[in-house]
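Below is the file coords16.pdb, which contains PDB, N, CA and C atoms, pLDDT in the B column.
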MODEL        1
ATOM      1  N   MET A  28      77.806  35.505  -5.965  1.00 62.00           N
ATOM      2  CA  MET A  28      77.385  35.692  -4.595  1.00 62.00           C
ATOM      3  C   MET A  28      77.042  34.329  -3.988  1.00 62.00           C
ATOM      4  N   LEU A  29      77.463  34.111  -2.776  1.00 66.00           N
ATOM      5  CA  LEU A  29      77.257  32.812  -2.128  1.00 66.00           C
ATOM      6  C   LEU A  29      75.799  32.400  -2.029  1.00 66.00           C
ATOM      7  N   THR A  30      74.907  33.343  -1.803  1.00 67.00           N
ATOM      8  CA  THR A  30      73.511  32.986  -1.574  1.00 67.00           C
ATOM      9  C   THR A  30      72.695  32.847  -2.853  1.00 67.00           C
ATOM     10  N   ARG A  31      73.317  33.014  -3.994  1.00 72.00           N
ATOM     11  CA  ARG A  31      72.591  32.905  -5.269  1.00 72.00           C
ATOM     12  C   ARG A  31      72.967  31.672  -6.056  1.00 72.00           C
ATOM     13  N   ASN A  32      73.580  30.696  -5.420  1.00 74.00           N
ATOM     14  CA  ASN A  32      73.939  29.438  -6.046  1.00 74.00           C
ATOM     15  C   ASN A  32      74.999  29.594  -7.134  1.00 74.00           C
ATOM     16  N   THR A  33      75.804  30.662  -7.041  1.00 80.00           N
ATOM     17  CA  THR A  33      76.905  30.842  -7.984  1.00 80.00           C
ATOM     18  C   THR A  33      77.925  29.725  -7.815  1.00 80.00           C
ATOM     19  N   TRP A  34      78.157  29.343  -6.572  1.00 78.00           N
ATOM     20  CA  TRP A  34      79.081  28.253  -6.247  1.00 78.00           C
ATOM     21  C   TRP A  34      78.298  27.197  -5.464  1.00 78.00           C
ATOM     22  N   PRO A  35      77.579  26.315  -6.135  1.00 76.00           N
ATOM     23  CA  PRO A  35      76.677  25.379  -5.458  1.00 76.00           C
ATOM     24  C   PRO A  35      77.367  24.375  -4.540  1.00 76.00           C
ATOM     25  N   ARG A  36      78.671  24.176  -4.687  1.00 78.00           N
ATOM     26  CA  ARG A  36      79.356  23.193  -3.848  1.00 78.00           C
ATOM     27  C   ARG A  36      79.895  23.797  -2.551  1.00 78.00           C
ATOM     28  N   VAL A  37      79.799  25.114  -2.377  1.00 75.00           N
ATOM     29  CA  VAL A  37      80.242  25.747  -1.134  1.00 75.00           C
ATOM     30  C   VAL A  37      79.274  25.339  -0.033  1.00 75.00           C
ATOM     31  N   ILE A  38      79.821  24.821   1.058  1.00 73.00           N
ATOM     32  CA  ILE A  38      78.965  24.365   2.148  1.00 73.00           C
ATOM     33  C   ILE A  38      79.101  25.224   3.395  1.00 73.00           C
ATOM     34  N   GLY A  39      79.963  26.211   3.357  1.00 73.00           N
ATOM     35  CA  GLY A  39      80.099  27.078   4.518  1.00 73.00           C
ATOM     36  C   GLY A  39      81.008  28.256   4.226  1.00 73.00           C
ATOM     37  N   PHE A  40      80.924  29.250   5.061  1.00 72.00           N
ATOM     38  CA  PHE A  40      81.822  30.386   4.969  1.00 72.00           C
ATOM     39  C   PHE A  40      81.936  31.011   6.357  1.00 72.00           C
ATOM     40  N   SER A  41      82.928  31.835   6.514  1.00 74.00           N
ATOM     41  CA  SER A  41      83.160  32.499   7.790  1.00 74.00           C
ATOM     42  C   SER A  41      83.232  33.997   7.549  1.00 74.00           C
ATOM     43  N   TRP A  42      82.568  34.756   8.377  1.00 75.00           N
ATOM     44  CA  TRP A  42      82.619  36.205   8.291  1.00 75.00           C
ATOM     45  C   TRP A  42      83.626  36.708   9.310  1.00 75.00           C
ATOM     46  N   TRP A  43      84.552  37.525   8.876  1.00 75.00           N
ATOM     47  CA  TRP A  43      85.560  38.092   9.754  1.00 75.00           C
ATOM     48  C   TRP A  43      84.941  39.318  10.405  1.00 75.00           C
ATOM     49  N   ASN A  44      84.316  39.167  11.550  1.00 81.00           N
ATOM     50  CA  ASN A  44      83.566  40.215  12.238  1.00 81.00           C
ATOM     51  C   ASN A  44      84.518  41.025  13.107  1.00 81.00           C
ATOM     52  N   GLU A  45      85.266  41.924  12.456  1.00 87.00           N
ATOM     53  CA  GLU A  45      86.293  42.676  13.165  1.00 87.00           C
ATOM     54  C   GLU A  45      86.480  44.036  12.512  1.00 87.00           C
ATOM     55  N   GLY A  46      87.054  44.953  13.250  1.00 89.00           N
ATOM     56  CA  GLY A  46      87.430  46.253  12.715  1.00 89.00           C
ATOM     57  C   GLY A  46      88.878  46.524  13.088  1.00 89.00           C
ATOM     58  N   TRP A  47      89.566  47.353  12.287  1.00 92.00           N
ATOM     59  CA  TRP A  47      90.958  47.661  12.598  1.00 92.00           C
ATOM     60  C   TRP A  47      91.378  48.991  11.977  1.00 92.00           C
ATOM     61  N   ARG A  48      92.432  49.549  12.544  1.00 94.00           N
ATOM     62  CA  ARG A  48      93.036  50.778  12.025  1.00 94.00           C
ATOM     63  C   ARG A  48      93.977  50.413  10.890  1.00 94.00           C
ATOM     64  N   ASN A  49      93.946  51.189   9.836  1.00 95.00           N
ATOM     65  CA  ASN A  49      94.854  50.983   8.716  1.00 95.00           C
ATOM     66  C   ASN A  49      96.039  51.940   8.756  1.00 95.00           C
ATOM     67  N   ASP A  50      95.827  53.113   9.325  1.00 95.00           N
ATOM     68  CA  ASP A  50      96.888  54.098   9.490  1.00 95.00           C
ATOM     69  C   ASP A  50      96.421  55.121  10.520  1.00 95.00           C
ATOM     70  N   SER A  51      97.047  56.262  10.583  1.00 95.00           N
ATOM     71  CA  SER A  51      96.715  57.250  11.613  1.00 95.00           C
ATOM     72  C   SER A  51      95.439  58.043  11.297  1.00 95.00           C
ATOM     73  N   ASP A  52      94.881  57.911  10.103  1.00 94.00           N
ATOM     74  CA  ASP A  52      93.657  58.611   9.721  1.00 94.00           C
ATOM     75  C   ASP A  52      92.460  57.697   9.960  1.00 94.00           C
ATOM     76  N   SER A  53      91.586  58.082  10.901  1.00 91.00           N
ATOM     77  CA  SER A  53      90.451  57.217  11.248  1.00 91.00           C
ATOM     78  C   SER A  53      89.485  57.010  10.081  1.00 91.00           C
ATOM     79  N   LEU A  54      89.510  57.886   9.087  1.00 91.00           N
ATOM     80  CA  LEU A  54      88.655  57.693   7.909  1.00 91.00           C
ATOM     81  C   LEU A  54      89.082  56.490   7.073  1.00 91.00           C
ATOM     82  N   HIS A  55      90.303  56.021   7.281  1.00 94.00           N
ATOM     83  CA  HIS A  55      90.817  54.865   6.543  1.00 94.00           C
ATOM     84  C   HIS A  55      90.605  53.544   7.283  1.00 94.00           C
ATOM     85  N   ASN A  56      90.009  53.602   8.464  1.00 91.00           N
ATOM     86  CA  ASN A  56      89.791  52.383   9.245  1.00 91.00           C
ATOM     87  C   ASN A  56      88.872  51.422   8.505  1.00 91.00           C
ATOM     88  N   THR A  57      89.059  50.149   8.749  1.00 89.00           N
ATOM     89  CA  THR A  57      88.198  49.124   8.180  1.00 89.00           C
ATOM     90  C   THR A  57      87.220  48.671   9.263  1.00 89.00           C
ATOM     91  N   GLU A  58      85.939  48.681   8.948  1.00 85.00           N
ATOM     92  CA  GLU A  58      84.898  48.275   9.901  1.00 85.00           C
ATOM     93  C   GLU A  58      84.061  47.177   9.271  1.00 85.00           C
ATOM     94  N   MET A  59      84.268  45.940   9.725  1.00 83.00           N
ATOM     95  CA  MET A  59      83.513  44.805   9.211  1.00 83.00           C
ATOM     96  C   MET A  59      82.602  44.205  10.279  1.00 83.00           C
ATOM     97  N   ARG A  60      82.496  44.866  11.438  1.00 86.00           N
ATOM     98  CA  ARG A  60      81.637  44.353  12.507  1.00 86.00           C
ATOM     99  C   ARG A  60      80.178  44.649  12.182  1.00 86.00           C
ATOM    100  N   ILE A  61      79.419  43.602  12.032  1.00 84.00           N
ATOM    101  CA  ILE A  61      78.010  43.732  11.669  1.00 84.00           C
ATOM    102  C   ILE A  61      77.250  44.533  12.714  1.00 84.00           C
ATOM    103  N   GLN A  62      77.536  44.320  13.983  1.00 83.00           N
ATOM    104  CA  GLN A  62      76.801  44.999  15.038  1.00 83.00           C
ATOM    105  C   GLN A  62      77.056  46.505  15.069  1.00 83.00           C
ATOM    106  N   ASN A  63      78.102  46.981  14.404  1.00 84.00           N
ATOM    107  CA  ASN A  63      78.413  48.409  14.373  1.00 84.00           C
ATOM    108  C   ASN A  63      77.979  49.091  13.083  1.00 84.00           C
ATOM    109  N   ASN A  64      77.364  48.354  12.186  1.00 83.00           N
ATOM    110  CA  ASN A  64      76.980  48.903  10.896  1.00 83.00           C
ATOM    111  C   ASN A  64      75.566  48.434  10.561  1.00 83.00           C
ATOM    112  N   PRO A  65      74.543  49.238  10.886  1.00 86.00           N
ATOM    113  CA  PRO A  65      73.153  48.815  10.664  1.00 86.00           C
ATOM    114  C   PRO A  65      72.853  48.439   9.210  1.00 86.00           C
ATOM    115  N   ALA A  66      73.427  49.150   8.259  1.00 86.00           N
ATOM    116  CA  ALA A  66      73.173  48.826   6.844  1.00 86.00           C
ATOM    117  C   ALA A  66      73.746  47.459   6.493  1.00 86.00           C
ATOM    118  N   LEU A  67      74.942  47.172   6.982  1.00 82.00           N
ATOM    119  CA  LEU A  67      75.562  45.867   6.744  1.00 82.00           C
ATOM    120  C   LEU A  67      74.768  44.761   7.437  1.00 82.00           C
ATOM    121  N   ALA A  68      74.299  45.019   8.662  1.00 84.00           N
ATOM    122  CA  ALA A  68      73.499  44.027   9.388  1.00 84.00           C
ATOM    123  C   ALA A  68      72.218  43.699   8.624  1.00 84.00           C
ATOM    124  N   LYS A  69      71.606  44.719   8.026  1.00 87.00           N
ATOM    125  CA  LYS A  69      70.372  44.506   7.258  1.00 87.00           C
ATOM    126  C   LYS A  69      70.641  43.632   6.031  1.00 87.00           C
ATOM    127  N   VAL A  70      71.683  43.944   5.284  1.00 83.00           N
ATOM    128  CA  VAL A  70      72.022  43.159   4.089  1.00 83.00           C
ATOM    129  C   VAL A  70      72.384  41.731   4.483  1.00 83.00           C
ATOM    130  N   PHE A  71      73.180  41.573   5.541  1.00 80.00           N
ATOM    131  CA  PHE A  71      73.577  40.242   5.990  1.00 80.00           C
ATOM    132  C   PHE A  71      72.349  39.429   6.389  1.00 80.00           C
ATOM    133  N   SER A  72      71.441  40.057   7.120  1.00 81.00           N
ATOM    134  CA  SER A  72      70.224  39.366   7.542  1.00 81.00           C
ATOM    135  C   SER A  72      69.373  38.951   6.346  1.00 81.00           C
ATOM    136  N   GLU A  73      69.210  39.856   5.383  1.00 81.00           N
ATOM    137  CA  GLU A  73      68.388  39.557   4.204  1.00 81.00           C
ATOM    138  C   GLU A  73      69.017  38.495   3.313  1.00 81.00           C
ATOM    139  N   GLN A  74      70.315  38.593   3.072  1.00 79.00           N
ATOM    140  CA  GLN A  74      70.980  37.711   2.123  1.00 79.00           C
ATOM    141  C   GLN A  74      71.381  36.368   2.720  1.00 79.00           C
ATOM    142  N   VAL A  75      71.620  36.349   4.019  1.00 77.00           N
ATOM    143  CA  VAL A  75      72.082  35.114   4.668  1.00 77.00           C
ATOM    144  C   VAL A  75      71.063  34.623   5.688  1.00 77.00           C
ATOM    145  N   GLY A  76      70.687  35.478   6.601  1.00 75.00           N
ATOM    146  CA  GLY A  76      69.810  35.074   7.699  1.00 75.00           C
ATOM    147  C   GLY A  76      68.435  34.605   7.282  1.00 75.00           C
ATOM    148  N   MET A  77      67.870  35.216   6.254  1.00 77.00           N
ATOM    149  CA  MET A  77      66.520  34.853   5.810  1.00 77.00           C
ATOM    150  C   MET A  77      66.532  34.015   4.541  1.00 77.00           C
ATOM    151  N   ASN A  78      67.694  33.521   4.165  1.00 73.00           N
ATOM    152  CA  ASN A  78      67.817  32.741   2.939  1.00 73.00           C
ATOM    153  C   ASN A  78      67.535  31.269   3.235  1.00 73.00           C
ATOM    154  N   PRO A  79      66.559  30.674   2.570  1.00 72.00           N
ATOM    155  CA  PRO A  79      66.228  29.275   2.834  1.00 72.00           C
ATOM    156  C   PRO A  79      67.343  28.292   2.464  1.00 72.00           C
ATOM    157  N   ARG A  80      68.298  28.722   1.637  1.00 71.00           N
ATOM    158  CA  ARG A  80      69.417  27.848   1.273  1.00 71.00           C
ATOM    159  C   ARG A  80      70.472  27.770   2.367  1.00 71.00           C
ATOM    160  N   VAL A  81      70.408  28.694   3.324  1.00 70.00           N
ATOM    161  CA  VAL A  81      71.389  28.731   4.409  1.00 70.00           C
ATOM    162  C   VAL A  81      70.842  27.937   5.584  1.00 70.00           C
ATOM    163  N   LEU A  82      71.615  26.959   6.011  1.00 65.00           N
ATOM    164  CA  LEU A  82      71.200  26.121   7.127  1.00 65.00           C
ATOM    165  C   LEU A  82      71.834  26.633   8.411  1.00 65.00           C
ATOM    166  N   GLY A  83      71.180  26.412   9.507  1.00 64.00           N
ATOM    167  CA  GLY A  83      71.743  26.813  10.791  1.00 64.00           C
ATOM    168  C   GLY A  83      71.199  28.149  11.256  1.00 64.00           C
ATOM    169  N   ARG A  84      71.675  28.567  12.391  1.00 59.00           N
ATOM    170  CA  ARG A  84      71.218  29.801  13.011  1.00 59.00           C
ATOM    171  C   ARG A  84      72.248  30.896  12.786  1.00 59.00           C
ATOM    172  N   ILE A  85      71.794  32.058  12.342  1.00 55.00           N
ATOM    173  CA  ILE A  85      72.669  33.200  12.117  1.00 55.00           C
ATOM    174  C   ILE A  85      72.553  34.138  13.308  1.00 55.00           C
ATOM    175  N   THR A  86      73.664  34.462  13.920  1.00 56.00           N
ATOM    176  CA  THR A  86      73.678  35.460  14.979  1.00 56.00           C
ATOM    177  C   THR A  86      74.666  36.544  14.597  1.00 56.00           C
ATOM    178  N   THR A  87      74.234  37.786  14.672  1.00 56.00           N
ATOM    179  CA  THR A  87      75.080  38.899  14.261  1.00 56.00           C
ATOM    180  C   THR A  87      75.608  39.685  15.443  1.00 56.00           C
ATOM    181  N   GLY A  88      75.038  39.499  16.626  1.00 56.00           N
ATOM    182  CA  GLY A  88      75.407  40.321  17.766  1.00 56.00           C
ATOM    183  C   GLY A  88      74.597  41.595  17.791  1.00 56.00           C
ATOM    184  N   ALA A  89      74.039  41.998  16.653  1.00 53.00           N
ATOM    185  CA  ALA A  89      73.252  43.233  16.581  1.00 53.00           C
ATOM    186  C   ALA A  89      72.008  43.145  17.444  1.00 53.00           C
ATOM    187  N   GLU A  90      71.502  41.937  17.653  1.00 54.00           N
ATOM    188  CA  GLU A  90      70.299  41.795  18.474  1.00 54.00           C
ATOM    189  C   GLU A  90      70.566  42.114  19.943  1.00 54.00           C
ATOM    190  N   ASN A  91      71.829  42.175  20.329  1.00 56.00           N
ATOM    191  CA  ASN A  91      72.194  42.476  21.714  1.00 56.00           C
ATOM    192  C   ASN A  91      72.550  43.945  21.939  1.00 56.00           C
ATOM    193  N   VAL A  92      72.555  44.735  20.862  1.00 51.00           N
ATOM    194  CA  VAL A  92      72.914  46.153  20.972  1.00 51.00           C
ATOM    195  C   VAL A  92      71.668  46.949  21.280  1.00 51.00           C
ATOM    196  N   PRO A  93      71.692  47.773  22.357  1.00 51.00           N
ATOM    197  CA  PRO A  93      70.487  48.555  22.709  1.00 51.00           C
ATOM    198  C   PRO A  93      70.134  49.590  21.677  1.00 51.00           C
TER     199      PRO A  93
ENDMDL
END
Once more with this new file: its structure as structure tokens, please.
Amino acid sequence: MLTRNTWPRVIGFSWWNEGWRNDSDSLHNTEMRIQNNPALAKVFSEQVGMNPRVLGRITTGAENVP
């Protein structure tokens, strides 16, 4: 895991914050948007946003959702 110093030389990563259809069945859709998944937003915030090893400001977009 990136936040546990498994790969200490990694200096950055990018999250693909997107969702898409995989076929005609909506149950097969892929949803990686943090703002649309409260459980994912919580894990991301805990593991990345509140991690002292992570530098910079984390914005998920979830803070803008009513």
When you draw a straight line from CA of Pro65 (chain A) to atom C of Asn32 (chain A), how long is it in Å?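 Atom C of Asn32 (chain A) lies at a distance of 26.3 Å from CA of Pro65 (chain A).
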Residue among A:Asn56, A:Ser72, A:Gln62, A:Asn78 lying closest to Asn44 (chain A), counting only C-alpha atoms: A:Gln62
To one decimal place, how far is CA of Ile61 (chain A) from atom N of Glu45 (chain A) in Å?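 Result for CA of Ile61 (chain A) versus atom N of Glu45 (chain A): 7.5 Å, one decimal.
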